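One file, target.cif, is given below (mmCIF, C-alpha atoms).
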data_work
loop_
_atom_site.group_PDB
_atom_site.id
_atom_site.type_symbol
_atom_site.label_atom_id
_atom_site.label_comp_id
_atom_site.auth_asym_id
_atom_site.auth_seq_id
_atom_site.Cartn_x
_atom_site.Cartn_y
_atom_site.Cartn_z
ATOM 1 C CA MET A 1 192.795 44.644 92.808
ATOM 2 C CA TYR A 2 191.601 47.376 90.466
ATOM 3 C CA ILE A 3 188.227 46.598 88.942
ATOM 4 C CA CYS A 4 187.629 49.860 87.088
ATOM 5 C CA LEU A 5 190.796 51.215 85.543
ATOM 6 C CA CYS A 6 189.042 54.329 84.214
ATOM 7 C CA LEU A 7 188.307 55.613 87.715
ATOM 8 C CA GLY A 8 190.674 53.549 89.855
ATOM 9 C CA VAL A 9 187.932 51.661 91.687
ATOM 10 C CA THR A 10 189.135 48.604 93.587
ATOM 11 C CA SER A 11 187.431 45.337 94.447
ATOM 12 C CA HIS A 12 187.297 46.556 98.050
ATOM 13 C CA ASP A 13 185.390 49.671 96.946
ATOM 14 C CA VAL A 14 182.914 47.527 95.027
ATOM 15 C CA THR A 15 182.536 45.076 97.919
ATOM 16 C CA ASP A 16 181.909 47.942 100.345
ATOM 17 C CA ALA A 17 179.195 49.326 98.047
ATOM 18 C CA ILE A 18 177.554 45.905 97.858
ATOM 19 C CA LYS A 19 177.667 45.465 101.625
ATOM 20 C CA ALA A 20 176.069 48.917 101.904
ATOM 21 C CA GLY A 21 173.131 47.678 99.836
ATOM 22 C CA ALA A 22 174.027 47.933 96.138
ATOM 23 C CA ILE A 23 172.713 44.831 94.353
ATOM 24 C CA THR A 24 172.995 45.843 90.687
ATOM 25 C CA THR A 25 175.842 47.117 88.545
ATOM 26 C CA LYS A 26 173.979 50.427 88.181
ATOM 27 C CA GLN A 27 173.783 50.805 91.950
ATOM 28 C CA VAL A 28 177.488 49.996 92.283
ATOM 29 C CA ALA A 29 178.196 52.596 89.585
ATOM 30 C CA ALA A 30 176.175 55.185 91.490
ATOM 31 C CA GLU A 31 178.151 54.448 94.673
ATOM 32 C CA THR A 32 181.664 54.038 93.254
ATOM 33 C CA GLY A 33 181.668 55.278 89.668
ATOM 34 C CA ALA A 34 182.811 51.845 88.462
ATOM 35 C CA SER A 35 181.423 51.012 84.986
ATOM 36 C CA SER A 36 180.166 54.561 84.498
ATOM 37 C CA GLN A 37 182.815 55.355 81.874
ATOM 38 C CA CYS A 38 183.576 52.644 79.301
ATOM 39 C CA GLY A 39 181.660 49.767 80.950
ATOM 40 C CA ARG A 40 184.329 47.115 80.381
ATOM 41 C CA CYS A 41 184.406 46.292 84.088
ATOM 42 C CA ARG A 42 180.675 45.568 84.325
ATOM 43 C CA ARG A 43 181.177 41.780 84.055
ATOM 44 C CA ASN A 44 183.694 41.807 86.903
ATOM 45 C CA ILE A 45 181.363 43.901 89.038
ATOM 46 C CA ARG A 46 178.555 41.403 88.399
ATOM 47 C CA ALA A 47 180.912 38.574 89.459
ATOM 48 C CA ILE A 48 181.708 40.390 92.704
ATOM 49 C CA ILE A 49 178.006 41.007 93.374
ATOM 50 C CA ASP A 50 177.340 37.296 92.844
ATOM 51 C CA ALA A 51 180.298 36.275 95.018
ATOM 52 C CA VAL A 52 179.254 38.518 97.894
ATOM 53 C CA ALA A 53 175.627 37.363 97.640
ATOM 54 C CA ASP A 54 176.700 33.714 97.449
ATOM 55 C CA GLY A 55 179.244 34.083 100.217
ATOM 56 C CA SER A 56 181.184 31.039 99.047
ATOM 57 C CA ARG A 57 183.346 32.366 96.231
ATOM 58 C CA PRO A 58 186.327 34.652 96.874
ATOM 59 C CA VAL A 59 186.165 38.127 95.370
ATOM 60 C CA SER A 60 189.692 37.711 94.027
ATOM 61 C CA GLY A 61 188.376 35.022 91.677
ATOM 62 C CA THR A 62 187.016 37.594 89.231
ATOM 63 C CA GLN A 63 188.426 37.905 85.760
ATOM 64 C CA SER A 64 191.224 40.369 85.225
ATOM 65 C CA GLY A 65 191.736 42.312 82.065
ATOM 66 C CA SER A 66 189.064 44.960 82.375
#

Would you mind writing the structure in this file as structure tokens?
Amino acid sequence: MYICLCLGVTSHDVTDAIKAGAITTKQVAAETGASSQCGRCRRNIRAIIDAVADGSRPVSGTQSGS
């Protein structure tokens, strides 16, 4: 699923950045570019960070519409 429409960043790209050590939206932006343009996807990125850290919620459960 696309998380950042501005740059075409997918949830897989964001998850890979998190697994590589990114723990903030700014770090994810530095790795993927997501949220570096308009910022509307920042909430979804935060949800993915939380889901990966928690390990119990699926990444696909993030809100769409960003």

Exercise for review: Apply the PyMOL selection byres ((chain A and resi 18) around 12) to the displayed file and report the matching residues as a ChimeraX atom specification.
Suggested key: /A:11-17,19-32,45-53,59

Practice item. Apply the PyMOL selection byres ((chain A and resi 4) around 8) to the file shown and report the selected residues as a PyMOL selection string. Key: chain A and resi 2-3+5-10+34-35+40-41+66

If you take every atom of stretch 21-25 of chain A that the file lists and fit an axis-aligned box around them with 3 Å extra on each side, what centre and edge lengths come out in Å to one decimal, as AutoDock Vina command-line options?
--center_x 174.3 --center_y 46.4 --center_z 94.2 --size_x 9.1 --size_y 9.1 --size_z 17.3

Regenerate stretch 30-60 of chain A at the level of N, CA and C atoms and dump it as a JSON list (two decimals), in the coordinates of the input.
[["chain", "number", "residue", "atom", "x", "y", "z"],
["A", 30, "ALA", "N", 176.61, 53.98, 90.79],
["A", 30, "ALA", "CA", 176.18, 55.18, 91.49],
["A", 30, "ALA", "C", 177.00, 55.42, 92.75],
["A", 31, "GLU", "N", 177.38, 54.34, 93.43],
["A", 31, "GLU", "CA", 178.15, 54.45, 94.67],
["A", 31, "GLU", "C", 179.64, 54.70, 94.43],
["A", 32, "THR", "N", 180.21, 54.03, 93.42],
["A", 32, "THR", "CA", 181.66, 54.04, 93.25],
["A", 32, "THR", "C", 182.14, 54.70, 91.97],
["A", 33, "GLY", "N", 181.27, 54.79, 90.98],
["A", 33, "GLY", "CA", 181.67, 55.28, 89.67],
["A", 33, "GLY", "C", 182.10, 54.16, 88.73],
["A", 34, "ALA", "N", 182.36, 52.98, 89.28],
["A", 34, "ALA", "CA", 182.81, 51.84, 88.46],
["A", 34, "ALA", "C", 181.78, 51.51, 87.40],
["A", 35, "SER", "N", 182.21, 51.33, 86.19],
["A", 35, "SER", "CA", 181.42, 51.01, 84.99],
["A", 35, "SER", "C", 180.65, 52.20, 84.44],
["A", 36, "SER", "N", 180.88, 53.38, 84.99],
["A", 36, "SER", "CA", 180.17, 54.56, 84.50],
["A", 36, "SER", "C", 180.87, 55.22, 83.31],
["A", 37, "GLN", "N", 182.08, 54.78, 83.01],
["A", 37, "GLN", "CA", 182.82, 55.36, 81.87],
["A", 37, "GLN", "C", 182.68, 54.45, 80.65],
["A", 38, "CYS", "N", 183.58, 53.49, 80.51],
["A", 38, "CYS", "CA", 183.58, 52.64, 79.30],
["A", 38, "CYS", "C", 182.72, 51.39, 79.47],
["A", 39, "GLY", "N", 182.50, 50.93, 80.70],
["A", 39, "GLY", "CA", 181.66, 49.77, 80.95],
["A", 39, "GLY", "C", 182.35, 48.42, 80.84],
["A", 40, "ARG", "N", 183.64, 48.39, 80.54],
["A", 40, "ARG", "CA", 184.33, 47.12, 80.38],
["A", 40, "ARG", "C", 184.43, 46.32, 81.68],
["A", 41, "CYS", "N", 184.28, 46.98, 82.81],
["A", 41, "CYS", "CA", 184.41, 46.29, 84.09],
["A", 41, "CYS", "C", 183.07, 45.74, 84.59],
["A", 42, "ARG", "N", 182.01, 45.97, 83.86],
["A", 42, "ARG", "CA", 180.68, 45.57, 84.32],
["A", 42, "ARG", "C", 180.59, 44.07, 84.64],
["A", 43, "ARG", "N", 181.21, 43.23, 83.83],
["A", 43, "ARG", "CA", 181.18, 41.78, 84.06],
["A", 43, "ARG", "C", 181.88, 41.43, 85.37],
["A", 44, "ASN", "N", 182.99, 42.07, 85.65],
["A", 44, "ASN", "CA", 183.69, 41.81, 86.90],
["A", 44, "ASN", "C", 182.89, 42.29, 88.10],
["A", 45, "ILE", "N", 182.21, 43.41, 87.95],
["A", 45, "ILE", "CA", 181.36, 43.90, 89.04],
["A", 45, "ILE", "C", 180.24, 42.91, 89.31],
["A", 46, "ARG", "N", 179.62, 42.40, 88.25],
["A", 46, "ARG", "CA", 178.56, 41.40, 88.40],
["A", 46, "ARG", "C", 179.09, 40.16, 89.12],
["A", 47, "ALA", "N", 180.31, 39.74, 88.80],
["A", 47, "ALA", "CA", 180.91, 38.57, 89.46],
["A", 47, "ALA", "C", 181.13, 38.85, 90.95],
["A", 48, "ILE", "N", 181.52, 40.05, 91.29],
["A", 48, "ILE", "CA", 181.71, 40.39, 92.70],
["A", 48, "ILE", "C", 180.36, 40.42, 93.42],
["A", 49, "ILE", "N", 179.35, 41.00, 92.78],
["A", 49, "ILE", "CA", 178.01, 41.01, 93.37],
["A", 49, "ILE", "C", 177.56, 39.57, 93.66],
["A", 50, "ASP", "N", 177.73, 38.70, 92.68],
["A", 50, "ASP", "CA", 177.34, 37.30, 92.84],
["A", 50, "ASP", "C", 178.15, 36.62, 93.95],
["A", 51, "ALA", "N", 179.44, 36.89, 94.01],
["A", 51, "ALA", "CA", 180.30, 36.28, 95.02],
["A", 51, "ALA", "C", 179.92, 36.73, 96.42],
["A", 52, "VAL", "N", 179.63, 38.01, 96.58],
["A", 52, "VAL", "CA", 179.25, 38.52, 97.89],
["A", 52, "VAL", "C", 177.89, 37.96, 98.29],
["A", 53, "ALA", "N", 176.96, 37.90, 97.35],
["A", 53, "ALA", "CA", 175.63, 37.36, 97.64],
["A", 53, "ALA", "C", 175.69, 35.87, 97.97],
["A", 54, "ASP", "N", 176.55, 35.15, 97.25],
["A", 54, "ASP", "CA", 176.70, 33.71, 97.45],
["A", 54, "ASP", "C", 177.46, 33.42, 98.74],
["A", 55, "GLY", "N", 178.45, 34.25, 99.01],
["A", 55, "GLY", "CA", 179.24, 34.08, 100.22],
["A", 55, "GLY", "C", 180.25, 32.95, 100.18],
["A", 56, "SER", "N", 180.29, 32.19, 99.08],
["A", 56, "SER", "CA", 181.18, 31.04, 99.05],
["A", 56, "SER", "C", 182.36, 31.22, 98.10],
["A", 57, "ARG", "N", 182.25, 32.17, 97.19],
["A", 57, "ARG", "CA", 183.35, 32.37, 96.23],
["A", 57, "ARG", "C", 184.17, 33.58, 96.63],
["A", 58, "PRO", "N", 185.48, 33.50, 96.53],
["A", 58, "PRO", "CA", 186.33, 34.65, 96.87],
["A", 58, "PRO", "C", 186.20, 35.75, 95.83],
["A", 59, "VAL", "N", 186.24, 36.99, 96.27],
["A", 59, "VAL", "CA", 186.16, 38.13, 95.37],
["A", 59, "VAL", "C", 187.35, 38.16, 94.42],
["A", 60, "SER", "N", 188.50, 37.69, 94.87],
["A", 60, "SER", "CA", 189.69, 37.71, 94.03],
["A", 60, "SER", "C", 189.60, 36.76, 92.85]]
